[in-house]
$ cat protein-v4.txt   # compact mmCIF, N, CA and C atoms and all ligand atoms
# COMPACT_ATOMS: atom_id res chain seq x y z
N MET A 1 -46.65 94.59 -67.45
CA MET A 1 -46.71 93.16 -67.07
C MET A 1 -48.15 92.78 -66.75
N PRO A 2 -48.67 91.70 -67.32
CA PRO A 2 -50.05 91.33 -67.01
C PRO A 2 -50.18 90.89 -65.56
N TYR A 3 -51.32 91.20 -64.95
CA TYR A 3 -51.58 90.79 -63.58
C TYR A 3 -51.85 89.27 -63.58
N ASN A 4 -51.15 88.54 -62.72
CA ASN A 4 -51.22 87.08 -62.80
C ASN A 4 -51.73 86.44 -61.50
N GLN A 5 -52.57 87.19 -60.78
CA GLN A 5 -53.12 86.65 -59.54
C GLN A 5 -54.64 86.71 -59.55
N THR A 6 -55.24 85.81 -58.76
CA THR A 6 -56.67 85.89 -58.53
C THR A 6 -56.94 85.65 -57.05
N PHE A 7 -58.17 85.93 -56.65
CA PHE A 7 -58.57 85.72 -55.25
C PHE A 7 -59.67 84.66 -55.23
N MET A 8 -59.63 83.76 -54.26
CA MET A 8 -60.67 82.73 -54.16
C MET A 8 -61.11 82.50 -52.72
N MET A 9 -62.31 81.98 -52.56
CA MET A 9 -62.78 81.53 -51.24
C MET A 9 -63.38 80.14 -51.38
N ILE A 10 -63.17 79.32 -50.37
CA ILE A 10 -63.92 78.08 -50.20
C ILE A 10 -65.07 78.45 -49.27
N LYS A 11 -66.29 78.34 -49.78
CA LYS A 11 -67.47 78.87 -49.09
C LYS A 11 -67.85 78.00 -47.89
N PRO A 12 -68.68 78.54 -46.98
CA PRO A 12 -68.97 77.84 -45.71
C PRO A 12 -69.42 76.39 -45.85
N ILE A 13 -70.27 76.08 -46.82
CA ILE A 13 -70.78 74.71 -46.92
C ILE A 13 -69.67 73.73 -47.28
N ALA A 14 -68.78 74.13 -48.19
CA ALA A 14 -67.69 73.25 -48.60
C ALA A 14 -66.69 73.07 -47.46
N PHE A 15 -66.47 74.15 -46.70
CA PHE A 15 -65.57 74.04 -45.56
C PHE A 15 -66.18 73.10 -44.51
N ARG A 16 -67.47 73.28 -44.25
CA ARG A 16 -68.17 72.47 -43.24
C ARG A 16 -68.16 70.98 -43.63
N ASN A 17 -68.27 70.71 -44.92
CA ASN A 17 -68.27 69.32 -45.40
C ASN A 17 -66.87 68.73 -45.55
N ASN A 18 -65.87 69.49 -45.08
CA ASN A 18 -64.47 69.03 -45.11
C ASN A 18 -63.93 68.84 -46.53
N HIS A 19 -64.39 69.69 -47.46
CA HIS A 19 -63.91 69.61 -48.84
C HIS A 19 -62.75 70.56 -49.12
N ALA A 20 -62.27 71.26 -48.10
CA ALA A 20 -61.18 72.22 -48.36
C ALA A 20 -59.93 71.52 -48.90
N GLY A 21 -59.60 70.37 -48.33
CA GLY A 21 -58.40 69.64 -48.75
C GLY A 21 -58.45 69.26 -50.22
N PRO A 22 -59.47 68.49 -50.66
CA PRO A 22 -59.52 68.12 -52.07
C PRO A 22 -59.65 69.31 -53.02
N ILE A 23 -60.33 70.37 -52.60
CA ILE A 23 -60.45 71.55 -53.47
C ILE A 23 -59.08 72.21 -53.65
N LEU A 24 -58.35 72.36 -52.55
CA LEU A 24 -57.01 72.97 -52.65
C LEU A 24 -56.09 72.09 -53.49
N HIS A 25 -56.26 70.78 -53.38
CA HIS A 25 -55.45 69.86 -54.20
C HIS A 25 -55.73 70.08 -55.69
N MET A 26 -57.00 70.22 -56.05
CA MET A 26 -57.34 70.47 -57.46
C MET A 26 -56.71 71.78 -57.94
N ILE A 27 -56.70 72.77 -57.06
CA ILE A 27 -56.17 74.09 -57.43
C ILE A 27 -54.66 74.02 -57.68
N THR A 28 -53.93 73.37 -56.78
CA THR A 28 -52.47 73.30 -56.96
C THR A 28 -52.12 72.37 -58.13
N GLU A 29 -52.90 71.29 -58.31
CA GLU A 29 -52.66 70.39 -59.46
C GLU A 29 -52.87 71.11 -60.78
N ALA A 30 -53.76 72.11 -60.78
CA ALA A 30 -54.02 72.87 -62.01
C ALA A 30 -52.95 73.93 -62.26
N GLY A 31 -51.95 74.01 -61.40
CA GLY A 31 -50.82 74.89 -61.66
C GLY A 31 -50.85 76.22 -60.93
N PHE A 32 -51.80 76.40 -60.02
CA PHE A 32 -51.83 77.65 -59.24
C PHE A 32 -50.91 77.52 -58.02
N ARG A 33 -50.23 78.61 -57.70
CA ARG A 33 -49.40 78.66 -56.49
C ARG A 33 -50.12 79.48 -55.42
N LEU A 34 -50.01 79.02 -54.19
CA LEU A 34 -50.62 79.76 -53.08
C LEU A 34 -49.72 80.93 -52.70
N LYS A 35 -50.26 82.14 -52.74
CA LYS A 35 -49.51 83.34 -52.34
C LYS A 35 -49.91 83.79 -50.95
N ALA A 36 -51.14 83.47 -50.54
CA ALA A 36 -51.66 83.83 -49.21
C ALA A 36 -52.85 82.93 -48.96
N MET A 37 -53.07 82.58 -47.67
CA MET A 37 -54.23 81.74 -47.37
C MET A 37 -54.57 81.85 -45.89
N LYS A 38 -55.85 81.85 -45.56
CA LYS A 38 -56.27 81.83 -44.17
C LYS A 38 -57.66 81.23 -44.03
N ILE A 39 -57.93 80.67 -42.84
CA ILE A 39 -59.29 80.32 -42.46
C ILE A 39 -59.81 81.49 -41.66
N THR A 40 -60.99 81.98 -42.03
CA THR A 40 -61.57 83.11 -41.30
C THR A 40 -63.09 83.03 -41.41
N ARG A 41 -63.77 83.95 -40.76
CA ARG A 41 -65.22 83.99 -40.87
C ARG A 41 -65.66 85.43 -41.06
N LEU A 42 -66.49 85.67 -42.06
CA LEU A 42 -66.99 87.01 -42.33
C LEU A 42 -68.13 87.35 -41.37
N THR A 43 -68.14 88.57 -40.88
CA THR A 43 -69.34 89.05 -40.18
C THR A 43 -70.40 89.35 -41.24
N ALA A 44 -71.64 89.53 -40.81
CA ALA A 44 -72.71 89.86 -41.76
C ALA A 44 -72.36 91.14 -42.51
N LYS A 45 -71.81 92.11 -41.80
CA LYS A 45 -71.45 93.40 -42.42
C LYS A 45 -70.34 93.22 -43.46
N GLN A 46 -69.34 92.41 -43.12
CA GLN A 46 -68.24 92.17 -44.07
C GLN A 46 -68.74 91.45 -45.32
N ALA A 47 -69.67 90.48 -45.14
CA ALA A 47 -70.22 89.78 -46.30
C ALA A 47 -71.00 90.76 -47.18
N CYS A 48 -71.76 91.66 -46.57
CA CYS A 48 -72.50 92.68 -47.33
C CYS A 48 -71.55 93.59 -48.09
N ASP A 49 -70.44 93.98 -47.44
CA ASP A 49 -69.46 94.84 -48.11
C ASP A 49 -68.79 94.11 -49.27
N PHE A 50 -68.41 92.85 -49.03
CA PHE A 50 -67.70 92.09 -50.06
C PHE A 50 -68.57 91.92 -51.30
N TYR A 51 -69.88 91.66 -51.11
CA TYR A 51 -70.79 91.41 -52.23
C TYR A 51 -71.66 92.63 -52.54
N ALA A 52 -71.18 93.84 -52.19
CA ALA A 52 -71.95 95.06 -52.39
C ALA A 52 -72.45 95.22 -53.83
N VAL A 53 -71.66 94.74 -54.79
CA VAL A 53 -72.04 94.85 -56.20
C VAL A 53 -73.38 94.15 -56.48
N HIS A 54 -73.74 93.18 -55.62
CA HIS A 54 -75.00 92.45 -55.82
C HIS A 54 -76.14 92.97 -54.93
N SER A 55 -75.95 94.15 -54.30
CA SER A 55 -76.90 94.59 -53.27
C SER A 55 -78.33 94.82 -53.81
N ASP A 56 -78.45 95.00 -55.12
CA ASP A 56 -79.81 95.20 -55.67
C ASP A 56 -80.45 93.90 -56.15
N LYS A 57 -79.75 92.77 -55.99
CA LYS A 57 -80.28 91.49 -56.50
C LYS A 57 -81.20 90.82 -55.46
N TYR A 58 -82.13 90.03 -55.96
CA TYR A 58 -83.08 89.37 -55.05
C TYR A 58 -82.41 88.36 -54.13
N PHE A 59 -81.22 87.86 -54.53
CA PHE A 59 -80.55 86.83 -53.73
C PHE A 59 -79.52 87.40 -52.75
N TYR A 60 -79.42 88.73 -52.66
CA TYR A 60 -78.38 89.37 -51.82
C TYR A 60 -78.46 88.94 -50.36
N GLU A 61 -79.66 88.97 -49.80
CA GLU A 61 -79.84 88.61 -48.38
C GLU A 61 -79.42 87.16 -48.13
N GLU A 62 -79.88 86.27 -49.00
CA GLU A 62 -79.52 84.85 -48.86
C GLU A 62 -78.01 84.66 -49.01
N LEU A 63 -77.45 85.33 -50.02
CA LEU A 63 -76.01 85.21 -50.30
C LEU A 63 -75.17 85.68 -49.11
N THR A 64 -75.49 86.84 -48.58
CA THR A 64 -74.64 87.41 -47.53
C THR A 64 -74.85 86.69 -46.19
N SER A 65 -76.07 86.22 -45.92
CA SER A 65 -76.24 85.48 -44.67
C SER A 65 -75.56 84.12 -44.77
N PHE A 66 -75.62 83.51 -45.95
CA PHE A 66 -74.89 82.24 -46.14
C PHE A 66 -73.39 82.45 -46.00
N MET A 67 -72.86 83.48 -46.65
CA MET A 67 -71.40 83.68 -46.63
C MET A 67 -70.85 84.03 -45.25
N SER A 68 -71.75 84.48 -44.36
CA SER A 68 -71.29 84.77 -42.99
C SER A 68 -71.73 83.68 -42.01
N SER A 69 -72.22 82.55 -42.54
CA SER A 69 -72.79 81.50 -41.68
C SER A 69 -71.74 80.58 -41.05
N GLY A 70 -70.49 80.67 -41.49
CA GLY A 70 -69.48 79.78 -40.94
C GLY A 70 -68.12 80.10 -41.51
N PRO A 71 -67.09 79.37 -41.07
CA PRO A 71 -65.74 79.63 -41.56
C PRO A 71 -65.60 79.39 -43.06
N ILE A 72 -64.68 80.14 -43.64
CA ILE A 72 -64.31 79.99 -45.05
C ILE A 72 -62.78 79.88 -45.14
N VAL A 73 -62.29 79.45 -46.29
CA VAL A 73 -60.87 79.59 -46.60
C VAL A 73 -60.77 80.69 -47.64
N ALA A 74 -59.90 81.67 -47.41
CA ALA A 74 -59.64 82.73 -48.38
C ALA A 74 -58.20 82.57 -48.87
N ALA A 75 -57.97 82.79 -50.16
CA ALA A 75 -56.61 82.62 -50.68
C ALA A 75 -56.35 83.51 -51.88
N ILE A 76 -55.09 83.89 -52.04
CA ILE A 76 -54.61 84.53 -53.26
C ILE A 76 -53.82 83.49 -54.03
N LEU A 77 -54.12 83.36 -55.32
CA LEU A 77 -53.49 82.34 -56.16
C LEU A 77 -52.73 83.01 -57.29
N GLU A 78 -51.60 82.40 -57.67
CA GLU A 78 -50.81 82.95 -58.76
C GLU A 78 -50.63 81.94 -59.89
N LYS A 79 -50.81 82.43 -61.09
CA LYS A 79 -50.63 81.61 -62.30
C LYS A 79 -50.78 82.57 -63.48
N GLU A 80 -50.15 82.26 -64.59
CA GLU A 80 -50.39 83.03 -65.80
C GLU A 80 -51.89 82.99 -66.10
N ASN A 81 -52.48 84.09 -66.48
CA ASN A 81 -53.91 84.10 -66.85
C ASN A 81 -54.81 83.61 -65.70
N ALA A 82 -54.44 84.02 -64.47
CA ALA A 82 -55.04 83.44 -63.26
C ALA A 82 -56.56 83.59 -63.20
N VAL A 83 -57.08 84.79 -63.47
CA VAL A 83 -58.52 85.02 -63.30
C VAL A 83 -59.33 84.11 -64.23
N ALA A 84 -59.00 84.12 -65.50
CA ALA A 84 -59.77 83.33 -66.47
C ALA A 84 -59.57 81.83 -66.24
N ASP A 85 -58.33 81.42 -65.98
CA ASP A 85 -58.07 79.99 -65.78
C ASP A 85 -58.76 79.47 -64.52
N PHE A 86 -58.82 80.31 -63.49
CA PHE A 86 -59.48 79.85 -62.26
C PHE A 86 -61.00 79.74 -62.46
N ARG A 87 -61.58 80.70 -63.18
CA ARG A 87 -63.03 80.63 -63.48
C ARG A 87 -63.34 79.36 -64.27
N LYS A 88 -62.42 78.98 -65.15
CA LYS A 88 -62.60 77.75 -65.92
C LYS A 88 -62.54 76.52 -65.00
N LEU A 89 -61.60 76.54 -64.08
CA LEU A 89 -61.43 75.41 -63.16
C LEU A 89 -62.64 75.25 -62.23
N ILE A 90 -63.27 76.36 -61.83
CA ILE A 90 -64.41 76.23 -60.90
C ILE A 90 -65.71 75.90 -61.62
N GLY A 91 -65.87 76.33 -62.87
CA GLY A 91 -67.10 76.02 -63.61
C GLY A 91 -68.19 77.04 -63.38
N ALA A 92 -69.33 76.81 -64.01
CA ALA A 92 -70.44 77.78 -64.00
C ALA A 92 -71.00 78.01 -62.61
N THR A 93 -71.56 79.21 -62.39
CA THR A 93 -72.16 79.59 -61.11
C THR A 93 -73.22 78.58 -60.67
N ASP A 94 -74.03 78.16 -61.64
CA ASP A 94 -75.07 77.15 -61.38
C ASP A 94 -74.45 75.77 -61.58
N PRO A 95 -74.32 74.98 -60.51
CA PRO A 95 -73.63 73.69 -60.64
C PRO A 95 -74.28 72.76 -61.67
N ALA A 96 -75.58 72.94 -61.92
CA ALA A 96 -76.25 72.11 -62.93
C ALA A 96 -75.66 72.38 -64.31
N LYS A 97 -75.06 73.56 -64.49
CA LYS A 97 -74.48 73.92 -65.79
C LYS A 97 -72.96 73.79 -65.81
N ALA A 98 -72.38 73.42 -64.67
CA ALA A 98 -70.91 73.33 -64.59
C ALA A 98 -70.41 72.12 -65.36
N GLU A 99 -69.28 72.31 -66.05
CA GLU A 99 -68.70 71.21 -66.83
C GLU A 99 -68.16 70.11 -65.95
N GLU A 100 -68.12 68.89 -66.50
CA GLU A 100 -67.52 67.74 -65.81
C GLU A 100 -66.09 68.08 -65.39
N GLY A 101 -65.72 67.65 -64.21
CA GLY A 101 -64.33 67.83 -63.77
C GLY A 101 -64.06 69.17 -63.13
N THR A 102 -65.05 70.08 -63.13
CA THR A 102 -64.83 71.37 -62.47
C THR A 102 -65.12 71.25 -60.97
N ILE A 103 -64.59 72.20 -60.21
CA ILE A 103 -64.76 72.17 -58.75
C ILE A 103 -66.24 72.24 -58.39
N ARG A 104 -66.98 73.10 -59.06
CA ARG A 104 -68.40 73.23 -58.73
C ARG A 104 -69.19 71.99 -59.13
N LYS A 105 -68.82 71.36 -60.24
CA LYS A 105 -69.50 70.12 -60.64
C LYS A 105 -69.33 69.07 -59.53
N LEU A 106 -68.14 69.04 -58.96
CA LEU A 106 -67.83 68.01 -57.96
C LEU A 106 -68.36 68.36 -56.57
N TYR A 107 -68.31 69.65 -56.19
CA TYR A 107 -68.55 69.99 -54.79
C TYR A 107 -69.71 70.95 -54.53
N ALA A 108 -70.28 71.56 -55.56
CA ALA A 108 -71.38 72.50 -55.32
C ALA A 108 -72.68 71.74 -55.10
N GLU A 109 -73.54 72.31 -54.28
CA GLU A 109 -74.84 71.68 -54.01
C GLU A 109 -75.97 72.42 -54.70
N SER A 110 -75.81 73.72 -54.89
CA SER A 110 -76.86 74.54 -55.50
C SER A 110 -76.24 75.87 -55.91
N MET A 111 -77.06 76.70 -56.52
CA MET A 111 -76.63 78.03 -56.97
C MET A 111 -76.02 78.84 -55.82
N SER A 112 -76.66 78.84 -54.66
CA SER A 112 -76.10 79.63 -53.56
C SER A 112 -75.02 78.85 -52.81
N HIS A 113 -75.17 77.53 -52.73
CA HIS A 113 -74.17 76.70 -52.05
C HIS A 113 -73.22 76.12 -53.10
N ASN A 114 -72.51 77.02 -53.80
CA ASN A 114 -71.73 76.55 -54.95
C ASN A 114 -70.23 76.42 -54.69
N ALA A 115 -69.89 76.13 -53.44
CA ALA A 115 -68.56 75.65 -53.03
C ALA A 115 -67.43 76.67 -53.03
N VAL A 116 -67.30 77.43 -54.11
CA VAL A 116 -66.15 78.34 -54.21
C VAL A 116 -66.51 79.68 -54.85
N HIS A 117 -65.69 80.65 -54.56
CA HIS A 117 -65.75 81.96 -55.22
C HIS A 117 -64.46 82.19 -55.98
N GLY A 118 -64.56 82.79 -57.14
CA GLY A 118 -63.36 83.22 -57.88
C GLY A 118 -63.58 84.61 -58.44
N SER A 119 -62.56 85.47 -58.35
CA SER A 119 -62.68 86.84 -58.87
C SER A 119 -63.04 86.82 -60.35
N ASP A 120 -63.79 87.86 -60.79
CA ASP A 120 -64.22 87.88 -62.19
C ASP A 120 -63.42 88.83 -63.07
N SER A 121 -62.43 89.54 -62.49
CA SER A 121 -61.58 90.43 -63.29
C SER A 121 -60.30 90.70 -62.51
N ASP A 122 -59.27 91.18 -63.21
CA ASP A 122 -58.02 91.54 -62.52
C ASP A 122 -58.29 92.63 -61.50
N GLU A 123 -59.11 93.59 -61.87
CA GLU A 123 -59.41 94.71 -60.97
C GLU A 123 -60.06 94.19 -59.68
N ASN A 124 -61.04 93.30 -59.82
CA ASN A 124 -61.69 92.77 -58.63
C ASN A 124 -60.78 91.82 -57.84
N ALA A 125 -59.89 91.13 -58.53
CA ALA A 125 -58.93 90.26 -57.82
C ALA A 125 -58.08 91.11 -56.86
N LEU A 126 -57.66 92.29 -57.33
CA LEU A 126 -56.87 93.19 -56.49
C LEU A 126 -57.69 93.69 -55.30
N ILE A 127 -58.89 94.15 -55.57
CA ILE A 127 -59.76 94.69 -54.52
C ILE A 127 -60.06 93.61 -53.48
N GLU A 128 -60.40 92.41 -53.95
CA GLU A 128 -60.78 91.32 -53.05
C GLU A 128 -59.58 90.82 -52.24
N SER A 129 -58.41 90.76 -52.86
CA SER A 129 -57.20 90.35 -52.13
C SER A 129 -56.90 91.35 -51.01
N ASP A 130 -57.04 92.64 -51.31
CA ASP A 130 -56.79 93.67 -50.30
C ASP A 130 -57.83 93.64 -49.19
N PHE A 131 -59.03 93.17 -49.49
CA PHE A 131 -60.10 93.05 -48.49
C PHE A 131 -59.68 92.08 -47.39
N PHE A 132 -58.97 91.02 -47.76
CA PHE A 132 -58.64 89.94 -46.81
C PHE A 132 -57.21 89.93 -46.30
N PHE A 133 -56.26 90.42 -47.11
CA PHE A 133 -54.85 90.18 -46.76
C PHE A 133 -54.03 91.47 -46.70
N SER A 134 -53.20 91.56 -45.65
CA SER A 134 -52.22 92.63 -45.57
C SER A 134 -50.97 92.20 -46.35
N LYS A 135 -50.03 93.12 -46.55
CA LYS A 135 -48.78 92.80 -47.26
C LYS A 135 -48.00 91.70 -46.54
N MET A 136 -48.05 91.77 -45.21
CA MET A 136 -47.28 90.81 -44.40
C MET A 136 -47.78 89.37 -44.53
N GLU A 137 -49.00 89.22 -45.01
CA GLU A 137 -49.60 87.87 -45.11
C GLU A 137 -49.42 87.26 -46.50
N ARG A 138 -48.65 87.93 -47.36
CA ARG A 138 -48.48 87.46 -48.75
C ARG A 138 -47.05 86.99 -48.98
N PHE A 139 -46.88 85.88 -49.68
CA PHE A 139 -45.56 85.30 -49.86
C PHE A 139 -45.31 84.92 -51.32
P1 LIG B 1 -68.75 84.10 -57.18
O1 LIG B 1 -68.76 85.60 -57.26
O2 LIG B 1 -69.22 83.56 -55.86
O3 LIG B 1 -67.45 83.51 -57.63
P2 LIG B 1 -70.00 83.97 -59.72
O4 LIG B 1 -69.06 85.06 -60.11
O5 LIG B 1 -69.99 82.73 -60.55
O6 LIG B 1 -69.79 83.53 -58.23
P3 LIG B 1 -71.97 86.02 -59.34
O7 LIG B 1 -72.90 86.42 -60.41
O8 LIG B 1 -70.84 86.91 -58.97
O9 LIG B 1 -71.46 84.53 -59.68
O10 LIG B 1 -72.87 85.75 -58.03
C1 LIG B 1 -72.26 85.71 -56.76
C2 LIG B 1 -72.87 84.58 -55.96
O11 LIG B 1 -74.23 84.88 -55.72
C3 LIG B 1 -72.87 83.23 -56.66
O12 LIG B 1 -71.71 82.49 -56.44
C4 LIG B 1 -74.07 82.56 -56.03
O13 LIG B 1 -73.69 81.97 -54.79
C5 LIG B 1 -75.00 83.70 -55.75
N1 LIG B 1 -75.99 83.79 -56.81
C6 LIG B 1 -75.83 84.28 -58.05
N2 LIG B 1 -76.95 84.21 -58.76
C7 LIG B 1 -77.86 83.62 -57.95
C8 LIG B 1 -79.21 83.25 -58.10
N3 LIG B 1 -79.87 83.45 -59.23
N4 LIG B 1 -79.82 82.64 -57.03
C9 LIG B 1 -79.17 82.41 -55.87
N5 LIG B 1 -77.88 82.75 -55.67
C10 LIG B 1 -77.23 83.33 -56.70
MG MG B 2 -68.79 86.83 -58.98
$ encode --input "protein-v4.txt" --output "structure tokens" --more "lines below"
Ligand code: ATP
Ligand code: MG
Amino acid sequence: MPYNQTFMMIKPIAFRNNHAGPILHMITEAGFRLKAMKITRLTAKQACDFYAVHSDKYFYEELTSFMSSGPIVAAILEKENAVADFRKLIGATDPAKAEEGTIRKLYAESMSHNAVHGSDSDENALIESDFFFSKMERF
């Protein structure tokens, strides 16, 4: 059976600007079902662990300090072809390159303040979901 879930976060800037509501509306309108969701805040260490794959990049320090700078929304979403379809819905990492109508086109401010995170593979969706949610928190 193909894996049909992805993991997403509404990043600190979008949460602070009160964009969580409209972003979640776009997600459910696009056919994703919420399987788990919470408001939480990453410690600096947790942000470093979550983005460990980028630890050799020049933007790692900026990325991890930003991601631990305030509350986020974390969620597991379900839909057929969830990972690819969610990446399409959020648009390119750089909002200047994001397509019209995508979440990042509408709500991202810059490359680092790009509103949302979406898993890039089924394998990472599983790892990232387990990072945030226990079995009891999934429905
Ligand atoms: P995300 O993993 O957050 O969904 P992504 O998969 O589109 O985004 P990645 O390449 O995984 O992009 O980069 C992770 C995050 O690191 C990006 O969302 C962005 O905030 C930041 N980032 C990536 N490249 C740059 C860059 N060149 N300058 C500044 N920040 C960057
Ligand atoms: Mg990524």
$ closest_residue --input "protein-v4.txt" --among "A:Tyr3, A:Tyr58, A:Phe50, A:Phe15" --to "Pro71 of chain A" --atoms "only C-alpha atoms"
A:Phe15
$ residues_near_ligand --input "protein-v4.txt" --ligand "ligand MG 2 (chain B)" --cutoff "7 Å" --atoms "all atoms listed in the file" --output "list of chain:residue names"
A:His117, A:Gly118, A:Ser119, A:Asp120
$ residues_near_ligand --input "protein-v4.txt" --ligand "ligand LIG 1 (chain B)" --cutoff "8 Å" --atoms "all atoms listed in the file" --output "VMD selection string"
chain A and resid 8 to 9 51 54 58 to 60 62 to 64 87 91 to 94 110 to 120
$ axis_aligned_box --input "protein-v4.txt" --around "segment 25-35 of chain A" --padding-each-side "8 Å" --output "AutoDock Vina command-line options"
--center_x -53.4 --center_y 76.8 --center_z -56.6 --size_x 23.9 --size_y 29.9 --size_z 27.3
$ closest_residue --input "protein-v4.txt" --among "A:Ser134, A:Ser55, A:Leu106, A:Phe7" --to "Val83 of chain A" --atoms "all atoms listed in the file"
A:Phe7
$ decode --input "protein-v4.txt" --residues "segment 35-52 of chain A" --atoms "N, CA, C and O atoms" --output "compact mmCIF listing (two decimals), in the first residue's frame"
# COMPACT_ATOMS: atom_id res chain seq x y z
N LYS A 35 -4.66 14.45 10.45
CA LYS A 35 -4.52 13.22 11.24
C LYS A 35 -3.98 13.52 12.63
O LYS A 35 -4.20 12.78 13.58
N ALA A 36 -3.24 14.62 12.75
CA ALA A 36 -2.66 15.05 14.04
C ALA A 36 -2.30 16.52 13.88
O ALA A 36 -1.96 16.96 12.78
N MET A 37 -2.40 17.27 14.99
CA MET A 37 -2.02 18.69 14.90
C MET A 37 -1.75 19.23 16.30
O MET A 37 -2.42 18.86 17.25
N LYS A 38 -0.76 20.10 16.42
CA LYS A 38 -0.50 20.77 17.69
C LYS A 38 0.21 22.10 17.47
O LYS A 38 0.88 22.30 16.45
N ILE A 39 0.02 23.02 18.43
CA ILE A 39 0.85 24.21 18.49
C ILE A 39 1.96 23.88 19.48
O ILE A 39 1.69 23.39 20.59
N THR A 40 3.20 24.13 19.08
CA THR A 40 4.33 23.85 19.97
C THR A 40 5.47 24.80 19.62
O THR A 40 5.35 25.62 18.72
N ARG A 41 6.54 24.70 20.38
CA ARG A 41 7.71 25.53 20.07
C ARG A 41 8.96 24.67 20.18
O ARG A 41 9.16 23.99 21.19
N LEU A 42 9.80 24.70 19.15
CA LEU A 42 11.04 23.93 19.16
C LEU A 42 12.09 24.64 19.99
O LEU A 42 12.24 25.86 19.91
N THR A 43 12.84 23.88 20.77
CA THR A 43 14.05 24.45 21.38
C THR A 43 15.11 24.57 20.28
O THR A 43 14.96 23.97 19.19
N ALA A 44 16.17 25.31 20.55
CA ALA A 44 17.25 25.44 19.57
C ALA A 44 17.80 24.05 19.22
O ALA A 44 18.05 23.73 18.05
N LYS A 45 17.95 23.21 20.22
CA LYS A 45 18.49 21.86 20.01
C LYS A 45 17.56 21.02 19.13
O LYS A 45 18.01 20.31 18.23
N GLN A 46 16.25 21.11 19.40
CA GLN A 46 15.29 20.35 18.60
C GLN A 46 15.28 20.83 17.14
O GLN A 46 15.19 20.02 16.22
N ALA A 47 15.40 22.16 16.94
CA ALA A 47 15.44 22.69 15.57
C ALA A 47 16.69 22.18 14.86
O ALA A 47 16.64 21.80 13.68
N CYS A 48 17.83 22.14 15.56
CA CYS A 48 19.07 21.61 14.97
C CYS A 48 18.92 20.14 14.61
O CYS A 48 19.36 19.71 13.54
N ASP A 49 18.27 19.37 15.49
CA ASP A 49 18.07 17.95 15.22
C ASP A 49 17.14 17.76 14.02
O ASP A 49 17.39 16.94 13.13
N PHE A 50 16.04 18.53 14.00
CA PHE A 50 15.06 18.37 12.92
C PHE A 50 15.69 18.67 11.56
O PHE A 50 15.42 17.98 10.58
N TYR A 51 16.54 19.70 11.49
CA TYR A 51 17.15 20.12 10.22
C TYR A 51 18.60 19.65 10.10
O TYR A 51 19.37 20.23 9.33
N ALA A 52 18.95 18.56 10.81
CA ALA A 52 20.33 18.07 10.81
C ALA A 52 20.88 17.83 9.40
O ALA A 52 22.08 18.03 9.15
